[in-house]
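> Pasting work13.pdb below, which is PDB, C-alpha atoms.
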MODEL        1
ATOM      1  CA  MET G   1     -19.478 -14.778   0.855
ATOM      2  CA  LEU G   2     -16.100 -13.405   1.958
ATOM      3  CA  THR G   3     -14.578 -14.463  -1.334
ATOM      4  CA  ARG G   4     -17.219 -12.552  -3.280
ATOM      5  CA  LEU G   5     -16.646  -9.462  -1.152
ATOM      6  CA  VAL G   6     -12.886  -9.612  -1.704
ATOM      7  CA  MET G   7     -13.305  -9.970  -5.470
ATOM      8  CA  THR G   8     -15.855  -7.138  -5.679
ATOM      9  CA  GLY G   9     -13.532  -4.879  -3.694
ATOM     10  CA  ALA G  10     -10.619  -5.740  -5.962
ATOM     11  CA  VAL G  11     -12.589  -4.983  -9.114
ATOM     12  CA  LEU G  12     -13.829  -1.649  -7.718
ATOM     13  CA  LEU G  13     -10.306  -0.675  -6.693
ATOM     14  CA  ALA G  14      -9.018  -1.595 -10.126
ATOM     15  CA  GLN G  15     -11.660   0.634 -11.728
ATOM     16  CA  VAL G  16     -10.675   3.542  -9.478
ATOM     17  CA  VAL G  17      -7.004   3.079 -10.358
ATOM     18  CA  LEU G  18      -7.757   2.920 -14.075
ATOM     19  CA  ALA G  19     -10.017   5.964 -13.879
ATOM     20  CA  ASP G  20      -7.048   7.970 -12.586
ATOM     21  CA  ALA G  21      -4.851   6.898 -15.472
ATOM     22  CA  ASN G  22      -5.835   9.841 -17.713
ATOM     23  CA  LYS G  23      -5.406  12.572 -15.145
ATOM     24  CA  VAL G  24      -2.485  14.887 -14.650
ATOM     25  CA  PRO G  25      -1.745  16.356 -11.243
ATOM     26  CA  VAL G  26      -1.006  20.062 -11.084
ATOM     27  CA  GLN G  27      -0.393  22.331  -8.150
ATOM     28  CA  ALA G  28      -2.168  25.668  -8.524
ATOM     29  CA  ASP G  29      -1.023  28.487  -6.254
ATOM     30  CA  VAL G  30      -2.683  31.887  -6.188
ATOM     31  CA  VAL G  31      -0.188  34.572  -5.211
ATOM     32  CA  LEU G  32      -0.737  38.226  -4.373
ATOM     33  CA  ALA G  33       2.288  40.254  -5.441
ATOM     34  CA  SER G  34       2.829  43.818  -4.348
ATOM     35  CA  ARG G  35       5.336  46.502  -5.216
ATOM     36  CA  LYS G  36       4.984  47.870  -1.697
ATOM     37  CA  PRO G  37       7.502  46.650   0.872
ATOM     38  CA  GLY G  38       6.349  43.625   2.830
ATOM     39  CA  PRO G  39       7.121  40.026   3.644
ATOM     40  CA  VAL G  40       7.979  37.487   0.963
ATOM     41  CA  ASP G  41       6.752  33.958   1.487
ATOM     42  CA  PRO G  42       9.929  31.810   1.647
ATOM     43  CA  SER G  43       8.497  29.410  -0.928
ATOM     44  CA  LEU G  44       8.049  32.326  -3.357
ATOM     45  CA  VAL G  45      11.582  33.679  -3.349
ATOM     46  CA  SER G  46      12.368  31.994  -6.677
ATOM     47  CA  MET G  47       9.160  33.454  -8.155
ATOM     48  CA  GLN G  48      10.225  36.907  -7.002
ATOM     49  CA  SER G  49      13.524  36.379  -8.761
ATOM     50  CA  THR G  50      11.873  35.128 -11.960
ATOM     51  CA  LEU G  51       9.416  38.026 -12.141
ATOM     52  CA  GLY G  52      12.197  40.402 -11.131
ATOM     53  CA  ALA G  53      13.403  40.385 -14.725
ATOM     54  CA  ARG G  54      10.480  42.656 -15.442
ATOM     55  CA  VAL G  55       8.888  43.899 -12.237
ATOM     56  CA  LYS G  56      10.426  44.181  -8.802
ATOM     57  CA  TYR G  57       7.807  42.863  -6.418
ATOM     58  CA  LEU G  58       8.721  43.621  -2.819
ATOM     59  CA  SER G  59       6.033  41.478  -1.221
ATOM     60  CA  LEU G  60       4.681  38.075  -2.232
ATOM     61  CA  LYS G  61       1.951  36.300  -0.337
ATOM     62  CA  LYS G  62       0.421  32.913  -1.113
ATOM     63  CA  VAL G  63      -3.363  33.296  -1.076
ATOM     64  CA  SER G  64      -4.262  29.663  -1.780
ATOM     65  CA  THR G  65      -2.734  26.390  -2.809
ATOM     66  CA  GLN G  66      -4.549  23.457  -4.283
ATOM     67  CA  ARG G  67      -3.662  20.237  -5.983
ATOM     68  CA  LEU G  68      -5.760  19.553  -9.034
ATOM     69  CA  GLU G  69      -6.163  16.385 -11.031
ATOM     70  CA  LEU G  70      -6.525  17.784 -14.519
ATOM     71  CA  SER G  71      -8.739  15.971 -16.978
ATOM     72  CA  THR G  72     -10.690  16.892 -20.070
ATOM     73  CA  ALA G  73     -13.313  18.359 -17.746
ATOM     74  CA  PRO G  74     -12.384  21.888 -16.626
ATOM     75  CA  SER G  75     -11.033  22.415 -13.103
ATOM     76  CA  LYS G  76     -11.604  25.800 -11.503
ATOM     77  CA  VAL G  77      -9.368  27.826  -9.239
ATOM     78  CA  ALA G  78     -11.112  30.613  -7.395
ATOM     79  CA  LEU G  79      -9.373  33.985  -7.295
ATOM     80  CA  PRO G  80      -9.847  36.595  -4.564
ATOM     81  CA  ASN G  81     -10.952  39.200  -7.151
ATOM     82  CA  ALA G  82     -14.186  37.235  -7.681
ATOM     83  CA  LYS G  83     -12.895  35.782 -10.920
ATOM     84  CA  SER G  84     -11.705  32.241 -11.480
ATOM     85  CA  ALA G  85      -9.096  30.457 -13.499
ATOM     86  CA  GLU G  86     -10.028  27.340 -15.449
ATOM     87  CA  LEU G  87      -7.641  24.521 -16.287
ATOM     88  CA  THR G  88      -8.319  21.745 -18.792
ATOM     89  CA  LEU G  89      -6.154  18.884 -19.943
ATOM     90  CA  VAL G  90      -5.951  19.043 -23.724
ATOM     91  CA  GLY G  91      -3.968  15.850 -24.144
ATOM     92  CA  ILE G  92      -0.758  13.994 -23.452
ATOM     93  CA  LYS G  93       1.782  13.398 -26.204
ATOM     94  CA  ASP G  94       5.126  11.690 -25.628
ATOM     95  CA  ASN G  95       4.552  12.013 -21.891
ATOM     96  CA  VAL G  96       4.155  15.774 -22.192
ATOM     97  CA  ALA G  97       0.772  17.085 -21.138
ATOM     98  CA  GLN G  98      -0.833  20.060 -22.876
ATOM     99  CA  VAL G  99      -2.975  22.176 -20.630
ATOM    100  CA  LYS G 100      -5.364  24.978 -21.498
ATOM    101  CA  VAL G 101      -5.506  27.773 -18.948
ATOM    102  CA  LYS G 102      -8.205  30.412 -18.961
ATOM    103  CA  VAL G 103      -7.414  33.366 -16.776
ATOM    104  CA  PRO G 104      -9.688  36.161 -17.990
ATOM    105  CA  PRO G 105      -9.077  37.851 -20.307
ATOM    106  CA  VAL G 106      -6.284  35.548 -21.518
ATOM    107  CA  ASP G 107      -6.439  31.971 -22.780
ATOM    108  CA  THR G 108      -3.200  29.998 -22.896
ATOM    109  CA  THR G 109      -2.204  26.549 -23.973
ATOM    110  CA  TYR G 110       1.105  25.299 -22.664
ATOM    111  CA  SER G 111       3.021  22.078 -22.173
ATOM    112  CA  LEU G 112       4.166  20.980 -18.748
ATOM    113  CA  GLY G 113       7.813  20.700 -17.787
ATOM    114  CA  LYS G 114       9.328  18.616 -15.043
ATOM    115  CA  ASP G 115       9.734  20.735 -11.911
ATOM    116  CA  LYS G 116       8.991  23.889 -13.945
ATOM    117  CA  SER G 117       6.288  26.484 -13.447
ATOM    118  CA  LEU G 118       4.012  28.681 -15.477
ATOM    119  CA  PHE G 119       3.227  32.083 -13.989
ATOM    120  CA  VAL G 120       0.090  33.750 -15.315
ATOM    121  CA  GLN G 121      -0.871  37.251 -14.343
ATOM    122  CA  ALA G 122      -4.476  37.139 -13.199
ATOM    123  CA  GLY G 123      -5.533  40.732 -12.788
ATOM    124  CA  ALA G 124      -5.512  43.122  -9.891
ATOM    125  CA  HIS G 125      -6.722  42.800  -6.355
ATOM    126  CA  GLU G 126      -6.733  45.607  -3.798
ATOM    127  CA  GLY G 127      -4.164  47.511  -5.815
ATOM    128  CA  ASP G 128      -1.751  44.575  -6.083
ATOM    129  CA  ASP G 129      -1.217  41.939  -8.767
ATOM    130  CA  LEU G 130      -2.668  38.476  -8.649
ATOM    131  CA  TRP G 131      -0.731  35.576 -10.139
ATOM    132  CA  VAL G 132      -1.682  31.991 -10.815
ATOM    133  CA  VAL G 133       1.329  29.694 -10.536
ATOM    134  CA  LEU G 134       0.994  26.232 -12.057
ATOM    135  CA  SER G 135       3.639  23.670 -11.271
ATOM    136  CA  GLN G 136       4.306  19.986 -10.705
ATOM    137  CA  PRO G 137       3.043  18.952  -7.252
ATOM    138  CA  LYS G 138       5.860  18.358  -4.782
TER     139      LYS G 138
ATOM    140  CA  MET N   1      -8.397 -76.690  57.447
ATOM    141  CA  LYS N   2     -10.139 -74.657  54.794
ATOM    142  CA  ASN N   3     -10.166 -70.877  55.062
ATOM    143  CA  PRO N   4     -13.198 -69.556  53.150
ATOM    144  CA  ALA N   5     -11.908 -66.004  53.135
ATOM    145  CA  ARG N   6      -8.587 -67.105  51.637
ATOM    146  CA  GLU N   7     -10.411 -69.217  49.067
ATOM    147  CA  LYS N   8     -12.425 -66.152  48.094
ATOM    148  CA  PHE N   9      -9.466 -63.767  47.850
ATOM    149  CA  GLU N  10      -6.781 -66.076  46.465
ATOM    150  CA  PRO N  11      -7.725 -65.470  42.779
ATOM    151  CA  LEU N  12      -7.461 -61.722  43.434
ATOM    152  CA  LEU N  13      -3.923 -61.761  44.864
ATOM    153  CA  SER N  14      -2.042 -61.923  41.595
ATOM    154  CA  PRO N  15      -4.153 -59.124  39.949
ATOM    155  CA  TYR N  16      -3.635 -57.140  43.179
ATOM    156  CA  VAL N  17       0.138 -57.354  42.794
ATOM    157  CA  ASP N  18      -0.163 -56.448  39.111
ATOM    158  CA  GLY N  19      -2.331 -53.410  39.953
ATOM    159  CA  GLU N  20      -5.299 -54.655  37.991
ATOM    160  CA  LEU N  21      -7.989 -54.339  40.675
ATOM    161  CA  THR N  22     -10.536 -51.622  41.131
ATOM    162  CA  PRO N  23      -9.991 -49.332  44.137
ATOM    163  CA  GLU N  24     -12.864 -51.055  45.949
ATOM    164  CA  GLU N  25     -11.476 -54.565  45.344
ATOM    165  CA  ARG N  26      -8.030 -53.337  46.321
ATOM    166  CA  GLN N  27      -9.344 -52.110  49.687
ATOM    167  CA  GLN N  28     -11.090 -55.417  50.307
ATOM    168  CA  VAL N  29      -7.906 -57.368  49.452
ATOM    169  CA  GLU N  30      -5.807 -55.128  51.709
ATOM    170  CA  ARG N  31      -8.230 -55.678  54.596
ATOM    171  CA  HIS N  32      -7.988 -59.429  53.940
ATOM    172  CA  LEU N  33      -4.162 -59.307  53.881
ATOM    173  CA  ASP N  34      -4.116 -57.537  57.257
ATOM    174  CA  ASN N  35      -5.980 -60.453  58.822
ATOM    175  CA  ASN N  36      -4.500 -63.312  56.821
ATOM    176  CA  PRO N  37      -0.693 -63.797  57.069
ATOM    177  CA  GLU N  38      -0.801 -66.745  54.641
ATOM    178  CA  SER N  39      -2.236 -64.575  51.854
ATOM    179  CA  ALA N  40       0.172 -61.769  52.792
ATOM    180  CA  ALA N  41       3.092 -64.182  52.411
ATOM    181  CA  GLN N  42       1.787 -65.258  49.027
ATOM    182  CA  VAL N  43       1.582 -61.625  47.939
ATOM    183  CA  ALA N  44       5.162 -61.127  49.111
ATOM    184  CA  ASP N  45       6.193 -64.169  47.051
ATOM    185  CA  PHE N  46       4.466 -62.741  43.984
ATOM    186  CA  ARG N  47       6.270 -59.416  44.420
ATOM    187  CA  ALA N  48       9.618 -61.113  44.863
ATOM    188  CA  ALA N  49       9.068 -63.162  41.702
ATOM    189  CA  ASP N  50       8.101 -60.003  39.823
ATOM    190  CA  ALA N  51      11.228 -58.236  41.009
ATOM    191  CA  LEU N  52      13.393 -61.150  39.976
ATOM    192  CA  MET N  53      11.819 -61.309  36.545
ATOM    193  CA  ARG N  54      12.156 -57.537  36.010
ATOM    194  CA  HIS N  55      15.788 -57.668  37.051
ATOM    195  CA  ALA N  56      16.477 -60.547  34.673
ATOM    196  CA  LEU N  57      14.783 -58.727  31.784
ATOM    197  CA  GLU N  58      16.725 -55.553  32.475
ATOM    198  CA  MET N  59      19.965 -57.501  32.408
ATOM    199  CA  GLN N  60      18.959 -59.056  29.105
ATOM    200  CA  SER N  61      18.017 -55.691  27.618
ATOM    201  CA  ASP N  62      21.407 -54.240  28.560
ATOM    202  CA  ASP N  63      23.022 -56.800  26.278
ATOM    203  CA  VAL N  64      20.879 -55.803  23.282
ATOM    204  CA  ASP N  65      22.092 -53.057  20.886
ATOM    205  CA  TRP N  66      19.174 -50.609  20.553
ATOM    206  CA  LYS N  67      20.941 -48.393  18.060
ATOM    207  CA  GLY N  68      18.775 -48.012  14.984
ATOM    208  CA  PHE N  69      15.835 -49.656  16.710
ATOM    209  CA  THR N  70      13.477 -46.768  15.968
ATOM    210  CA  ASP N  71      14.531 -46.576  12.324
ATOM    211  CA  GLU N  72      14.077 -50.288  11.980
ATOM    212  CA  VAL N  73      10.585 -50.171  13.458
ATOM    213  CA  MET N  74       9.551 -47.143  11.410
ATOM    214  CA  GLY N  75      10.986 -48.734   8.309
ATOM    215  CA  LYS N  76       8.725 -51.660   8.827
ATOM    216  CA  LEU N  77       5.732 -49.368   9.419
ATOM    217  CA  THR N  78       6.284 -47.011   6.441
ATOM    218  CA  PRO N  79       5.032 -48.432   3.177
ATOM    219  CA  ASP N  80       7.096 -48.194   0.011
ATOM    220  CA  LYS N  81       7.287 -44.639  -1.407
ATOM    221  CA  LEU N  82       4.566 -43.982  -3.969
ATOM    222  CA  PRO N  83       5.408 -42.588  -7.407
ATOM    223  CA  PHE N  84       5.534 -38.794  -7.597
ATOM    224  CA  PHE N  85       2.250 -38.262  -9.467
ATOM    225  CA  ASP N  86       0.419 -40.645  -7.143
ATOM    226  CA  ARG N  87       1.727 -38.715  -4.160
ATOM    227  CA  LEU N  88       0.741 -35.434  -5.823
ATOM    228  CA  ALA N  89      -2.752 -36.697  -6.589
ATOM    229  CA  LEU N  90      -3.086 -37.971  -3.046
ATOM    230  CA  SER N  91      -1.945 -34.661  -1.585
ATOM    231  CA  LEU N  92      -4.334 -32.689  -3.793
ATOM    232  CA  ARG N  93      -7.205 -35.009  -2.964
ATOM    233  CA  GLU N  94      -6.528 -34.606   0.732
ATOM    234  CA  MET N  95      -6.202 -30.845   0.392
ATOM    235  CA  PHE N  96      -9.496 -30.539  -1.499
ATOM    236  CA  THR N  97     -11.176 -32.813   1.010
ATOM    237  CA  TRP N  98      -9.919 -31.342   4.267
ATOM    238  CA  GLN N  99      -8.758 -27.823   3.421
ATOM    239  CA  ARG N 100     -11.265 -26.719   0.800
ATOM    240  CA  GLY N 101     -12.115 -23.430   2.579
ATOM    241  CA  THR N 102      -8.494 -22.429   2.938
ATOM    242  CA  LEU N 103      -7.789 -23.289  -0.701
ATOM    243  CA  VAL N 104     -10.760 -21.323  -2.044
ATOM    244  CA  ALA N 105      -9.841 -18.321   0.107
ATOM    245  CA  GLY N 106      -6.263 -18.577  -1.139
ATOM    246  CA  PHE N 107      -7.328 -18.651  -4.785
ATOM    247  CA  ALA N 108      -9.707 -15.724  -4.207
ATOM    248  CA  GLY N 109      -6.933 -13.722  -2.550
ATOM    249  CA  ALA N 110      -4.570 -14.445  -5.423
ATOM    250  CA  ALA N 111      -7.214 -13.437  -7.979
ATOM    251  CA  ALA N 112      -7.863 -10.213  -6.065
ATOM    252  CA  ALA N 113      -4.141  -9.467  -5.956
ATOM    253  CA  VAL N 114      -3.912  -9.950  -9.732
ATOM    254  CA  ALA N 115      -7.008  -7.781 -10.289
ATOM    255  CA  ILE N 116      -5.344  -4.960  -8.336
ATOM    256  CA  ALA N 117      -1.796  -5.475  -9.582
ATOM    257  CA  ILE N 118      -2.575  -5.326 -13.324
ATOM    258  CA  PRO N 119      -4.236  -1.888 -13.369
ATOM    259  CA  LEU N 120      -1.724  -0.610 -10.838
ATOM    260  CA  THR N 121       1.108  -1.648 -13.111
ATOM    261  CA  MET N 122      -0.684  -0.002 -16.033
ATOM    262  CA  LYS N 123      -1.015   3.167 -14.007
ATOM    263  CA  LEU N 124       2.649   3.160 -13.046
ATOM    264  CA  ALA N 125       3.530   2.698 -16.680
ATOM    265  CA  THR N 126       1.223   5.589 -17.652
ATOM    266  CA  PRO N 127       3.072   8.833 -18.329
ATOM    267  CA  ASP N 128       2.539  11.512 -15.703
ATOM    268  CA  GLY N 129       2.559  14.333 -18.240
ATOM    269  CA  TYR N 130       5.795  15.915 -17.020
ATOM    270  CA  GLY N 131       8.098  14.537 -19.683
ATOM    271  CA  GLY N 132       9.112  17.997 -20.899
ATOM    272  CA  SER N 133      12.310  19.616 -19.705
ATOM    273  CA  ARG N 134      10.754  23.080 -19.709
ATOM    274  CA  VAL N 135       7.386  24.792 -19.842
ATOM    275  CA  ARG N 136       6.483  25.800 -23.362
ATOM    276  CA  VAL N 137       3.699  28.244 -24.109
ATOM    277  CA  GLN N 138       2.032  27.088 -27.320
ATOM    278  CA  THR N 139      -0.812  29.537 -27.774
ATOM    279  CA  VAL N 140      -1.908  32.637 -25.981
ATOM    280  CA  SER N 141      -4.831  34.859 -26.849
ATOM    281  CA  VAL N 142      -7.050  37.542 -25.414
ATOM    282  CA  THR N 143     -10.645  36.368 -25.400
ATOM    283  CA  ASP N 144     -12.241  39.612 -24.280
ATOM    284  CA  THR N 145     -12.024  41.882 -27.320
ATOM    285  CA  GLU N 146     -12.944  44.891 -25.244
ATOM    286  CA  ALA N 147     -10.054  44.405 -22.900
ATOM    287  CA  LYS N 148      -7.279  46.754 -23.858
ATOM    288  CA  VAL N 149      -4.578  44.388 -22.791
ATOM    289  CA  LYS N 150      -1.901  42.393 -24.484
ATOM    290  CA  PRO N 151      -0.251  39.193 -23.300
ATOM    291  CA  VAL N 152       3.520  39.096 -23.171
ATOM    292  CA  VAL N 153       5.219  35.741 -22.860
ATOM    293  CA  MET N 154       8.571  35.316 -21.212
ATOM    294  CA  GLU N 155      10.343  31.976 -21.159
ATOM    295  CA  THR N 156      13.176  31.936 -18.657
ATOM    296  CA  GLU N 157      16.520  30.231 -19.014
ATOM    297  CA  GLY N 158      15.565  28.005 -16.087
ATOM    298  CA  GLY N 159      12.654  26.511 -18.056
ATOM    299  CA  ASP N 160       9.769  28.422 -16.475
ATOM    300  CA  ALA N 161       7.384  30.653 -18.402
ATOM    301  CA  VAL N 162       5.662  33.879 -17.443
ATOM    302  CA  ILE N 163       2.612  35.407 -19.072
ATOM    303  CA  TRP N 164       2.266  39.076 -18.345
ATOM    304  CA  VAL N 165      -0.883  40.952 -19.164
ATOM    305  CA  VAL N 166       0.064  44.495 -20.031
ATOM    306  CA  ASP N 167      -1.893  47.563 -20.963
ATOM    307  CA  GLU N 168      -2.040  47.676 -24.745
ATOM    308  CA  LYS N 169      -1.410  51.405 -24.786
ATOM    309  CA  LYS N 170       1.989  50.880 -23.263
ATOM    310  CA  ARG N 171       2.941  48.246 -25.871
ATOM    311  CA  PRO N 172       4.568  48.105 -28.278
ATOM    312  CA  ASP N 173       5.275  51.807 -28.289
ATOM    313  CA  GLY N 174       8.017  51.469 -25.735
ATOM    314  CA  GLY N 175       6.098  52.906 -22.808
ATOM    315  CA  ARG N 176       7.005  51.159 -19.580
ATOM    316  CA  HIS N 177       5.744  50.992 -16.087
ATOM    317  CA  ALA N 178       7.917  52.940 -13.746
ATOM    318  CA  ASP N 179       8.836  49.747 -11.838
ATOM    319  CA  GLU N 180       9.567  47.638 -14.873
ATOM    320  CA  GLU N 181      13.155  46.560 -15.284
ATOM    321  CA  GLU N 182      14.948  45.993 -18.504
ATOM    322  CA  GLU N 183      13.041  43.247 -20.325
ATOM    323  CA  LEU N 184      15.014  40.075 -20.964
ATOM    324  CA  ASN N 185      13.884  37.114 -23.035
ATOM    325  CA  VAL N 186      10.459  38.657 -23.451
ATOM    326  CA  ALA N 187       8.543  38.041 -26.646
ATOM    327  CA  PRO N 188       5.240  39.815 -27.202
ATOM    328  CA  ALA N 189       2.604  37.223 -28.028
ATOM    329  CA  LYS N 190       0.316  37.409 -30.999
ATOM    330  CA  LYS N 191      -3.226  38.320 -30.161
ATOM    331  CA  GLN N 192      -5.679  35.507 -30.868
ATOM    332  CA  GLY N 193      -3.011  33.493 -32.562
ATOM    333  CA  GLU N 194      -0.480  30.802 -32.194
ATOM    334  CA  LEU N 195       3.053  31.639 -31.214
TER     335      LEU N 195
ENDMDL
END
Output the file's structure in the form of structure tokens.

Amino acid sequence: MLTRLVMTGAVLLAQVVLADANKVPVQADVVLASRKPGPVDPSLVSMQSTLGARVKYLSLKKVSTQRLELSTAPSKVALPNAKSAELTLVGIKDNVAQVKVKVPPVDTTYSLGKDKSLFVQAGAHEGDDLWVVLSQPK
Amino acid sequence: MKNPAREKFEPLLSPYVDGELTPEERQQVERHLDNNPESAAQVADFRAADALMRHALEMQSDDVDWKGFTDEVMGKLTPDKLPFFDRLALSLREMFTWQRGTLVAGFAGAAAAVAIAIPLTMKLATPDGYGGSRVRVQTVSVTDTEAKVKPVVMETEGGDAVIWVVDEKKRPDGGRHADEEEELNVAPAKKQGEL
């Protein structure tokens, strides 16, 4: 009886592990960026610098952070402006994953980079700019 | 003159000295010895003879070399060593006879470990999708045709990428937001097309 239970458990665990094999983890942060003076989240200082090439944001606040396991089924990220971003794994080639990102009204397909981020402007919210930041989970 | 009590107890005296009587018999003999000096003297003689014999044996044993005695005895007890495969077969037979439960559980555990280890190894060998050294934007398009916006892609030297959504009226005619800095490494993306 115990033997059967152990074997069944092992097979189930193996199935769970294999099921995860075609998923890619992505960290999705929603950031509210403002040109008005205000605090900058310490984890967003590098983002402020990157975006600073074009716009000087004086305040950056992380609205939400979630870790997604991307697969061919779309994963949604809710935005505070009642919209949502949608992420789908297109495929993996040579260990580089291609991901489709829908942040209305823009659709993007991009390939992931190790420890790199994609910043997508996601509309306005309460007079400030919303950004979706996609990066490799820490 | 015959002593019936002595006649009755005489056969018990030697076993008494040797400690072979039951507690009840021993008490009866001791009561008899208290009242019969002749039997008591005989018991004393027995004990003296015993002591003499023990002493003589001890003296004899001191002269004997006991070194290797145990090995010699065990050597006589242990049969000749069986051939390897016979010993193996015997061990397996004994294990399957007396430790069947433990063996089955062991095999089941090993099978479970293999069942977990193989997919886990496959998973570890599976690429994580982050093989690229930088983020590369492959396509970008505006899906809402009514939206008067235009995506602008910027790939930084550090390997990140930024997708700005700008008002179409301001691009590409050179109009800029008051807060916008000088644009570096910015390439306007094609609308509804591949980069």
> Please write the residues picked by the PyMOL selection byres ((chain G and resi 95-106) around 6) on this file as a ChimeraX atom specification.
/G:85-94,107-112,122 /N:127,129-132,141-144
> Please evaluate the PyMOL selection byres ((chain G and resi 36-43) around 10) against the displayed coordinates and give the resulting residues as a PyMOL selection string.
chain G and resi 31+33-35+44-48+56-62+128
> Since I can't run it myself right now, could you work out what the PyMOL selection byres ((chain G and resi 135) around 7) selects here and report it as an MDAnalysis selection string?
chainID G and resid 26:28 115:118 133:134 136:137
> Under the rule that only C-alpha atoms are counted, which of G:Lys138, G:Ser49, G:Ala73, G:Asp129 is the nearest residue to Gly158 of chain N?
G:Ser49
> Work out how far atom CA of Pro25 of chain G is from atom CA of Ser71 of chain G, in Å to one decimal.
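Value for the atom CA of Ser71 of chain G-atom CA of Pro25 of chain G distance: 9.1 Å.
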> To test the calculation: enclose all listed atoms of segment 83-87 of chain N in a box whose edges run along x, y and z, add 6 Å on each side, then state centre and edge lengths in Å to one decimal, as AutoDock Vina command-line options.

--center_x 3.0 --center_y -40.4 --center_z -6.8 --size_x 17.1 --size_y 16.3 --size_z 17.3
> Go through N:Gln99, N:Thr145, N:Gln138, N:Ser14 one by one, measure the shortest atom-to-atom distance of each to chain G using all atoms listed in the file, and give the residue with the smallest value.
N:Gln138
> Kindly give the distance, in Å, that separates atom CA of Asp167 of chain N and atom CA of His125 of chain G, rounded to a single decimal.
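So the two atoms, atom CA of Asp167 of chain N and atom CA of His125 of chain G, lie 16.1 Å apart.
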> Atom CA of Ala48 of chain N and atom CA of Phe9 of chain N are how many Å apart?
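So the answer is 19.5 Å.
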> Restricting the calculation to all atoms listed in the file, which member of G:Lys76, G:Arg54, G:Lys23, G:Arg67 is positioned closest to chain N?
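Closest to chain N of all the choices is G:Arg54.
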> Given all atoms listed in the file as the basis, pick out the residue of G:Leu79, G:Leu32, G:Thr50, G:Glu126 nearest to chain N.
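Checking each candidate against chain N, we get G:Thr50 as the closest.
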> Find the residue from G:Gly113, G:Pro80, G:Pro74, G:Gly127 that sits nearest to chain N; use all atoms listed in the file when measuring.
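Of all the options, G:Gly113 lies closest to chain N.
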> Would you mind telling me which residue in N:Leu82, N:Leu57, N:Ala108, N:Lys148 lies nearest to chain G when using only C-alpha atoms?
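Selected residue with least distance to chain G: N:Ala108.
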> Just add all heavy atoms to segment 89-93 of chain G and send it as an mmCIF file, in the frame of the given file.

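Saved as rebuild37.cif:
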data_model
loop_
_atom_site.group_PDB
_atom_site.id
_atom_site.type_symbol
_atom_site.label_atom_id
_atom_site.label_comp_id
_atom_site.auth_asym_id
_atom_site.auth_seq_id
_atom_site.Cartn_x
_atom_site.Cartn_y
_atom_site.Cartn_z
ATOM 1 N N LEU G 89 -7.179 19.694 -19.288
ATOM 2 C CA LEU G 89 -6.154 18.884 -19.943
ATOM 3 C C LEU G 89 -6.543 18.701 -21.406
ATOM 4 O O LEU G 89 -7.608 18.177 -21.722
ATOM 5 C CB LEU G 89 -6.057 17.514 -19.246
ATOM 6 C CG LEU G 89 -5.071 16.532 -19.854
ATOM 7 C CD1 LEU G 89 -3.639 17.032 -19.698
ATOM 8 C CD2 LEU G 89 -5.217 15.161 -19.197
ATOM 9 N N VAL G 90 -5.673 19.174 -22.288
ATOM 10 C CA VAL G 90 -5.951 19.043 -23.724
ATOM 11 C C VAL G 90 -5.559 17.646 -24.195
ATOM 12 O O VAL G 90 -6.272 17.005 -24.966
ATOM 13 C CB VAL G 90 -5.170 20.119 -24.520
ATOM 14 C CG1 VAL G 90 -5.406 19.963 -26.016
ATOM 15 C CG2 VAL G 90 -5.589 21.511 -24.062
ATOM 16 N N GLY G 91 -4.425 17.184 -23.733
ATOM 17 C CA GLY G 91 -3.968 15.850 -24.144
ATOM 18 C C GLY G 91 -2.568 15.587 -23.626
ATOM 19 O O GLY G 91 -1.922 16.472 -23.053
ATOM 20 N N ILE G 92 -2.124 14.355 -23.837
ATOM 21 C CA ILE G 92 -0.758 13.994 -23.452
ATOM 22 C C ILE G 92 -0.090 13.370 -24.676
ATOM 23 O O ILE G 92 -0.620 12.428 -25.269
ATOM 24 C CB ILE G 92 -0.743 12.974 -22.290
ATOM 25 C CG1 ILE G 92 -1.508 13.515 -21.083
ATOM 26 C CG2 ILE G 92 0.687 12.636 -21.886
ATOM 27 C CD1 ILE G 92 -1.647 12.530 -19.939
ATOM 28 N N LYS G 93 1.059 13.933 -25.052
ATOM 29 C CA LYS G 93 1.782 13.398 -26.204
ATOM 30 C C LYS G 93 3.236 13.205 -25.788
ATOM 31 O O LYS G 93 3.867 14.135 -25.286
ATOM 32 C CB LYS G 93 1.674 14.377 -27.379
ATOM 33 C CG LYS G 93 2.153 13.794 -28.678
ATOM 34 C CD LYS G 93 2.005 14.833 -29.796
ATOM 35 C CE LYS G 93 2.590 14.278 -31.083
ATOM 36 N NZ LYS G 93 2.637 15.289 -32.120
#
